[in-house]
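Chemist: Starting off with a structure, shown below.
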Amino acid sequence: MMSFQPCSYGPCISHLASDVEVAVAALGAARCAESLPAEFRVPLREAQRDLHEFGSALAGGMTPLLDESHIQRLDMACREYSSQPPPDGFAEFGGTVESVGLLQLARAHVRRVEYTVLAVAEPGRSLGRELQYLRQLDQLLVIFAYEAERQDEALLHAMAFGVCGGVMPEVDSKVHAH
């Protein structure tokens with residue numbers, strides 16, 4: 001069970017609820033990105049719903065219910081959608097398409113929720129499930145960002161060289177853009 005410090009000491013439960021609300025919105029924006037691979041939309045919607053329920057419980061003064069099944073769902077998605085580990089530094093600096101940027105923005109907000117949970121929790125309280133969920137979601141967002149970028153690069157390559165490896169015709173140098 002989570003227990004929180006009163007508002008008189010630094011960040012409080014209202015800060016946490018606000019951070020969760022922003023993370024939910026950022027996940028929604030990423031989910032709506034045109035360049036996001038369609039197979040990522042359902043896991044993002046589920047994470048968005050989980051965080052919304054987490055924030056609603058906090059705002060209502062109740063203990064958030066993130067259990068082992070929520071964490072396992074994220075872990076399964078990480079394994080299912082990861083073709084290879086992202087290169088070092090990708091989580092901070094990678095990204096060439098809108099969905100990657102929005103996924104990284106969502107990740108930054110999820111990490112902020114994690115930091116705020118740590119700041120507002122009473123000393124000595126176990127935060128295992130909540131932190132484990134947030135860290136697993138962080139990992140999934142990195143995987144989705146990397147895979148979205150890889151898929152975009154593969155699509156660009158296919159468009160440039162054709163599915164069978166053919167080369168696109170050269171553009172007539174006499175034609176000028178206006």
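By convention in this document, the chains of the structure tokens carry letters A, B, ... by their order, each chain's residues are numbered from 1, and ligands are numbered from 1 in the order they are shown.
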Extract, using only C-alpha atoms, all DNA, RNA and protein residues at most 8 Å from region 43-54 of chain A, discarding same-chain residues fewer than 5 positions from it, and format them as number ranges by chain.
Modeler: A: 20-21, 23-24, 27-28, 31, 64-66, 70, 74, 77, 137
Chemist: Could the residues in this selection be written to a file with C-alpha atoms, as a PDB file, in the first residue's frame?
Modeler:
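Once written, part25.pdb looks like this:
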ATOM      1  CA  VAL A  20       0.057  11.542 -14.015  1.00  0.00           C
ATOM      2  CA  GLU A  21      -2.512  13.597 -15.932  1.00  0.00           C
ATOM      3  CA  ALA A  23       1.719  11.581 -18.749  1.00  0.00           C
ATOM      4  CA  VAL A  24      -1.721  10.253 -19.760  1.00  0.00           C
ATOM      5  CA  LEU A  27       0.614   8.829 -24.170  1.00  0.00           C
ATOM      6  CA  GLY A  28      -2.571   9.855 -25.977  1.00  0.00           C
ATOM      7  CA  ARG A  31      -0.938   7.012 -29.732  1.00  0.00           C
ATOM      8  CA  PRO A  64      -3.766   2.958  -6.643  1.00  0.00           C
ATOM      9  CA  LEU A  65      -4.285  -0.604  -7.797  1.00  0.00           C
ATOM     10  CA  LEU A  66      -1.382  -1.525 -10.037  1.00  0.00           C
ATOM     11  CA  HIS A  70      -0.271  -4.839 -15.121  1.00  0.00           C
ATOM     12  CA  LEU A  74       4.055  -4.459 -20.019  1.00  0.00           C
ATOM     13  CA  ALA A  77       4.785  -6.230 -24.699  1.00  0.00           C
ATOM     14  CA  LEU A 137       6.394   1.466 -19.041  1.00  0.00           C
TER      15      LEU A 137
END
Chemist: Which one is closest to Cys12 (chain A): A:Ala106, A:Val42, A:Leu141, A:Ala59? Count only C-alpha atoms.
Modeler: A:Ala59
Chemist: Excluding Phe144 (chain A) and its own-chain neighbours fewer than 4 positions away, which residues fall within 10 Å of it when counting only C-alpha atoms? Please give them as a list in words.
Modeler: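 Surrounding residues, per the criterion: Leu36, Pro37, Glu39, Phe40, Leu44, Ala77, Cys78, Tyr81, Ser82, Pro86, Ser99, Val100, Leu103, Gln104, Gln139, Leu140, Ala148, Glu149 and Arg150 of chain A.
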Chemist: Taking into account only C-alpha atoms, which residue in the set A:Ala108, A:Ala38, A:Ala17, A:Leu118 is nearest to Glu130 (chain A)?
Modeler: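 Residue with the minimum atom-to-atom distance to Glu130 (chain A): A:Leu118.
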Chemist: Rank A:Val142, A:Ile71, A:Leu102, A:Leu134 by their smallest atom-to-atom distance to Tyr115 (chain A), using only C-alpha atoms, and report the top residue only.
Modeler: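 Among the listed residues, A:Leu134 lies closest to Tyr115 (chain A).
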Chemist: Pick from A:Ala33, A:Ile143, A:Val110, A:Val22: nearest to Val97 (chain A), with only C-alpha atoms counted?
Modeler: A:Ala33
